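Peer 1: entry-v5.cif is the file, holding mmCIF, C-alpha atoms:
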data_start
loop_
_atom_site.group_PDB
_atom_site.id
_atom_site.type_symbol
_atom_site.label_atom_id
_atom_site.label_comp_id
_atom_site.auth_asym_id
_atom_site.auth_seq_id
_atom_site.Cartn_x
_atom_site.Cartn_y
_atom_site.Cartn_z
ATOM 1 C CA MET V 1 302.664 -12.648 119.740
ATOM 2 C CA ASN V 2 304.147 -14.246 122.843
ATOM 3 C CA ALA V 3 301.767 -16.756 124.470
ATOM 4 C CA THR V 4 302.263 -17.455 128.156
ATOM 5 C CA ASP V 5 300.641 -19.924 130.480
ATOM 6 C CA SER V 6 297.935 -18.209 132.560
ATOM 7 C CA ILE V 7 298.136 -20.796 135.333
ATOM 8 C CA LYS V 8 300.416 -20.098 138.269
ATOM 9 C CA TYR V 9 302.191 -23.259 139.438
ATOM 10 C CA THR V 10 303.442 -23.645 142.992
ATOM 11 C CA PHE V 11 305.487 -26.569 144.226
ATOM 12 C CA ARG V 12 306.046 -27.597 147.821
ATOM 13 C CA ARG V 13 306.619 -30.693 149.916
ATOM 14 C CA ILE V 14 303.577 -32.725 150.871
ATOM 15 C CA ARG V 15 302.519 -32.116 154.454
ATOM 16 C CA LYS V 16 302.046 -35.014 156.870
ATOM 17 C CA ASN V 17 298.237 -34.699 156.764
ATOM 18 C CA GLU V 18 298.302 -34.759 152.931
ATOM 19 C CA ARG V 19 300.162 -38.061 152.524
ATOM 20 C CA LYS V 20 296.923 -39.946 151.984
ATOM 21 C CA LEU V 21 296.568 -38.085 148.683
ATOM 22 C CA VAL V 22 299.556 -39.906 147.224
ATOM 23 C CA LYS V 23 299.417 -43.115 149.252
ATOM 24 C CA GLY V 24 299.420 -46.016 146.816
ATOM 25 C CA ILE V 25 299.970 -43.797 143.782
ATOM 26 C CA GLU V 26 301.931 -46.621 142.157
ATOM 27 C CA ASP V 27 299.272 -49.140 143.168
ATOM 28 C CA LYS V 28 296.653 -49.782 140.508
ATOM 29 C CA SER V 29 293.864 -49.485 143.097
ATOM 30 C CA TRP V 30 294.624 -45.800 143.792
ATOM 31 C CA HIS V 31 292.086 -43.481 142.249
ATOM 32 C CA PRO V 32 291.847 -39.678 142.627
ATOM 33 C CA ILE V 33 288.030 -39.720 142.678
ATOM 34 C CA LYS V 34 288.079 -41.870 145.839
ATOM 35 C CA THR V 35 291.071 -40.178 147.478
ATOM 36 C CA PHE V 36 290.415 -36.482 146.919
ATOM 37 C CA PRO V 37 286.869 -35.911 148.317
ATOM 38 C CA PRO V 38 287.560 -37.186 151.878
ATOM 39 C CA PHE V 39 290.702 -35.060 152.087
ATOM 40 C CA PHE V 40 288.855 -32.049 150.667
ATOM 41 C CA ILE V 41 286.009 -32.440 153.175
ATOM 42 C CA GLU V 42 288.438 -32.882 156.071
ATOM 43 C CA GLN V 43 290.589 -29.879 155.178
ATOM 44 C CA LEU V 44 288.024 -27.385 153.873
ATOM 45 C CA ILE V 45 284.368 -28.279 154.355
ATOM 46 C CA SER V 46 284.086 -29.917 157.791
ATOM 47 C CA GLY V 47 283.692 -27.693 160.805
ATOM 48 C CA LYS V 48 281.278 -25.610 162.842
ATOM 49 C CA TYR V 49 279.483 -22.711 161.228
ATOM 50 C CA LYS V 50 277.536 -19.846 162.753
ATOM 51 C CA ALA V 51 274.363 -19.137 160.766
ATOM 52 C CA LEU V 52 273.906 -15.549 159.630
ATOM 53 C CA ASN V 53 270.385 -16.126 158.248
ATOM 54 C CA LYS V 54 267.501 -15.927 160.721
ATOM 55 C CA ASP V 55 265.412 -18.320 158.615
ATOM 56 C CA ARG V 56 264.150 -20.981 161.070
ATOM 57 C CA GLN V 57 267.437 -22.793 161.439
ATOM 58 C CA ALA V 58 269.726 -23.616 164.333
ATOM 59 C CA PRO V 59 272.271 -20.919 165.198
ATOM 60 C CA LEU V 60 275.134 -23.383 164.649
ATOM 61 C CA MET V 61 275.612 -25.893 161.827
ATOM 62 C CA THR V 62 278.167 -28.696 162.067
ATOM 63 C CA LEU V 63 279.521 -30.588 159.064
ATOM 64 C CA ASP V 64 281.688 -33.452 160.265
ATOM 65 C CA THR V 65 284.322 -35.430 158.377
ATOM 66 C CA THR V 66 282.092 -38.513 158.072
ATOM 67 C CA GLY V 67 279.298 -36.738 156.175
ATOM 68 C CA LYS V 68 276.982 -36.004 159.089
ATOM 69 C CA VAL V 69 275.327 -32.605 159.371
ATOM 70 C CA HIS V 70 273.642 -31.072 162.421
ATOM 71 C CA GLY V 71 271.776 -27.776 162.593
ATOM 72 C CA PHE V 72 270.794 -27.259 158.941
ATOM 73 C CA LYS V 73 267.077 -27.695 158.465
ATOM 74 C CA LYS V 74 266.002 -31.348 158.790
ATOM 75 C CA TYR V 75 269.082 -32.779 157.079
ATOM 76 C CA ASN V 76 271.388 -35.251 158.811
ATOM 77 C CA LYS V 77 273.783 -36.248 156.005
ATOM 78 C CA TYR V 78 275.775 -34.373 153.381
ATOM 79 C CA TYR V 79 278.254 -35.051 150.635
ATOM 80 C CA ILE V 80 279.960 -33.070 147.963
ATOM 81 C CA HIS V 81 279.356 -34.101 144.408
ATOM 82 C CA SER V 82 282.715 -35.393 143.297
ATOM 83 C CA TYR V 83 283.208 -34.361 139.715
ATOM 84 C CA PHE V 84 286.948 -34.493 139.612
ATOM 85 C CA LEU V 85 287.728 -35.848 136.126
ATOM 86 C CA THR V 86 284.026 -36.301 135.328
ATOM 87 C CA HIS V 87 281.144 -34.556 133.617
ATOM 88 C CA HIS V 88 278.495 -33.327 136.037
ATOM 89 C CA PRO V 89 275.012 -31.781 135.875
ATOM 90 C CA TYR V 90 275.795 -28.976 138.358
ATOM 91 C CA ARG V 91 278.503 -27.344 136.315
ATOM 92 C CA PRO V 92 279.896 -24.737 136.639
ATOM 93 C CA GLU V 93 278.862 -24.783 140.305
ATOM 94 C CA ASP V 94 280.435 -26.748 143.148
ATOM 95 C CA ALA V 95 277.612 -28.851 144.594
ATOM 96 C CA ILE V 96 276.870 -30.063 148.098
ATOM 97 C CA ILE V 97 273.920 -32.379 148.630
ATOM 98 C CA PHE V 98 272.050 -32.530 151.941
ATOM 99 C CA GLU V 99 269.865 -35.535 152.787
ATOM 100 C CA ASP V 100 267.275 -36.465 155.377
ATOM 101 C CA THR V 101 267.913 -40.187 155.756
ATOM 102 C CA THR V 102 264.857 -40.644 157.988
ATOM 103 C CA ILE V 103 262.492 -40.293 155.006
ATOM 104 C CA GLN V 104 261.569 -43.566 153.313
ATOM 105 C CA LEU V 105 261.925 -43.277 149.549
ATOM 106 C CA ASN V 106 259.339 -44.546 147.088
ATOM 107 C CA ASN V 107 261.193 -46.006 144.094
ATOM 108 C CA ASN V 108 258.472 -44.775 141.730
ATOM 109 C CA ARG V 109 258.988 -41.084 142.565
ATOM 110 C CA PRO V 110 261.970 -38.731 142.282
ATOM 111 C CA MET V 111 264.068 -38.314 145.403
ATOM 112 C CA HIS V 112 262.389 -35.987 147.868
ATOM 113 C CA ASN V 113 264.715 -36.460 150.830
ATOM 114 C CA SER V 114 267.598 -34.385 149.472
ATOM 115 C CA VAL V 115 268.372 -30.917 148.231
ATOM 116 C CA VAL V 116 271.252 -29.587 146.156
ATOM 117 C CA TYR V 117 273.104 -26.351 146.890
ATOM 118 C CA SER V 118 275.984 -24.675 145.184
ATOM 119 C CA TRP V 119 278.613 -23.632 147.688
ATOM 120 C CA GLU V 120 281.401 -21.120 147.774
ATOM 121 C CA PHE V 121 283.739 -19.693 150.345
ATOM 122 C CA ARG V 122 284.590 -16.030 150.636
ATOM 123 C CA GLN V 123 287.356 -16.186 153.199
ATOM 124 C CA ASP V 124 285.632 -17.747 156.276
ATOM 125 C CA THR V 125 282.118 -17.200 154.901
ATOM 126 C CA LEU V 126 280.326 -20.220 153.437
ATOM 127 C CA ILE V 127 277.507 -19.318 151.054
ATOM 128 C CA LEU V 128 274.991 -21.997 150.094
ATOM 129 C CA THR V 129 272.652 -21.244 147.184
ATOM 130 C CA GLU V 130 269.747 -23.538 146.315
ATOM 131 C CA MET V 131 269.904 -25.265 142.956
ATOM 132 C CA HIS V 132 266.877 -26.271 140.886
ATOM 133 C CA THR V 133 266.243 -28.750 138.088
ATOM 134 C CA GLN V 134 263.514 -29.810 135.707
ATOM 135 C CA SER V 135 265.223 -32.947 134.424
ATOM 136 C CA TYR V 136 267.840 -33.999 137.017
ATOM 137 C CA GLU V 137 270.317 -33.817 134.125
ATOM 138 C CA GLN V 138 270.951 -30.090 134.330
ATOM 139 C CA TRP V 139 270.788 -27.878 137.404
ATOM 140 C CA ASN V 140 270.558 -24.094 137.695
ATOM 141 C CA LYS V 141 271.508 -21.809 140.538
ATOM 142 C CA GLY V 142 268.533 -20.293 142.347
ATOM 143 C CA THR V 143 268.283 -17.124 144.418
ATOM 144 C CA LYS V 144 267.704 -18.461 147.967
ATOM 145 C CA THR V 145 270.960 -18.363 149.927
ATOM 146 C CA TYR V 146 272.156 -19.336 153.392
ATOM 147 C CA THR V 147 275.268 -17.730 154.803
ATOM 148 C CA PHE V 148 277.528 -19.108 157.532
ATOM 149 C CA ILE V 149 280.763 -18.016 159.200
ATOM 150 C CA LYS V 150 283.200 -20.849 159.897
ATOM 151 C CA GLN V 151 284.081 -21.019 163.576
ATOM 152 C CA HIS V 152 287.717 -21.684 164.359
ATOM 153 C CA SER V 153 288.701 -23.357 167.606
ATOM 154 C CA THR V 154 290.915 -21.232 169.778
ATOM 155 C CA GLY V 155 292.642 -24.174 171.422
ATOM 156 C CA SER V 156 291.578 -23.092 174.916
ATOM 157 C CA LYS V 157 288.743 -24.607 176.934
#
Could you write out this file's structure as structure tokens?
Peer 2:
Amino acid sequence: MNATDSIKYTFRRIRKNERKLVKGIEDKSWHPIKTFPPFFIEQLISGKYKALNKDRQAPLMTLDTTGKVHGFKKYNKYYIHSYFLTHHPYRPEDAIIFEDTTIQLNNNRPMHNSVVYSWEFRQDTLILTEMHTQSYEQWNKGTKTYTFIKQHSTGSK
């Protein structure tokens, strides 16, 4: 039996906007967990999204490159759970966490100012699906979804 690698490898030069991914690669302070998420957010996640759900939310959601969110429920901050090279409780889902930083937390209770969603893109469509937990150690995908179309700037004003 002839075994072949099922992964397709593609090689290309690094683009100018990707140089930060390899900056300091020979420096001991470089770490992929710190370098990859900002690039990933900048290149894929950040942007303006038109809401397709009519569920009491703003018609336009903005996710900026600094982790601020506008137009999605009461949340004003977001981040992706960076599990590059790590074990994570959301697996196999890709997780995005939304927070309302205006809520004061009580250290004796579980966090109630944030919510976890799995996210996926289907071309320009971003689908967020609520995730639920009993233990905060393992999360399961729920059924409530929010769907958005990424808006691309046309370059004209």
Peer 1: Which residues, written as a PyMOL selection string, have at least one atom at most 10 Å from Tyr79 (chain V), with only C-alpha atoms counted and residues fewer than 6 positions away on the same chain left out?
Peer 2: chain V and resi 37-38+41+45+63+65-69+95-99+116
Peer 1: Just the residues within 12 Å of Tyr49 (chain V), please, counting all atoms listed in the file, with nothing from its chain fewer than 5 positions along; format it as a list in words.
Peer 2: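 The contact residues come out as Ala58, Pro59, Leu60, Met61, Thr62, Leu63, Asp64, Val69, His70, Gly71, Phe72, Asp124, Thr125, Leu126, Ile127, Tyr146, Thr147, Phe148, Ile149, Lys150, Gln151, His152 and Ser153 of chain V.
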Peer 1: Between CA of His132 (chain V) and CA of Trp119 (chain V), what is the distance, to one decimal in Å?
Peer 2: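 Atom-to-atom, CA of His132 (chain V) and CA of Trp119 (chain V) are spaced 13.8 Å apart.
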Peer 1: Between V:Val115, V:Ala51, V:Leu44, V:Met131, which has the minimum distance to Lys77 (chain V) (counting all atoms listed in the file)?
Peer 2: V:Val115
Peer 1: Nearest to Tyr75 (chain V): which of V:Asp94, V:Glu42, V:Asp100, V:Glu120 is it, counting all atoms listed in the file?
Peer 2: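 Of V:Asp94, V:Glu42, V:Asp100, V:Glu120, the one nearest Tyr75 (chain V) is V:Asp100, counting all atoms listed in the file.
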Peer 1: Got a sec to resolve the PyMOL selection byres ((chain V and resi 133) around 12) on this structure and send the residues as a PyMOL selection string?
Peer 2: chain V and resi 89-90+110+115-117+130-132+134-142
Peer 1: What is the CA of Lys73 (chain V) to CA of Thr101 (chain V) distance in Å?
Peer 2: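 It comes out at 12.8 Å.
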Peer 1: Given 3 Å on each side, where is the centre and what are the edge lengths in Å to one decimal of the axis-aligned box enclosing the listed atoms of region 59-73 of chain V, as JSON?
Peer 2:
{"center_x": 275.7, "center_y": -29.7, "center_z": 160.7, "size_x": 23.2, "size_y": 23.6, "size_z": 15.0}
Peer 1: Find the distance between CA of Arg91 (chain V) and CA of Lys50 (chain V) and write it in Å to one decimal.
Peer 2: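 One can read the CA of Arg91 (chain V) to CA of Lys50 (chain V) distance as 27.5 Å.
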Peer 1: From the list V:Arg13, V:Phe40, V:Asn76, V:Ser118, which residue is nearest Thr102 (chain V) when using all atoms listed in the file?
Peer 2: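 Counting all atoms listed in the file, the residue closest to Thr102 (chain V) is V:Asn76.
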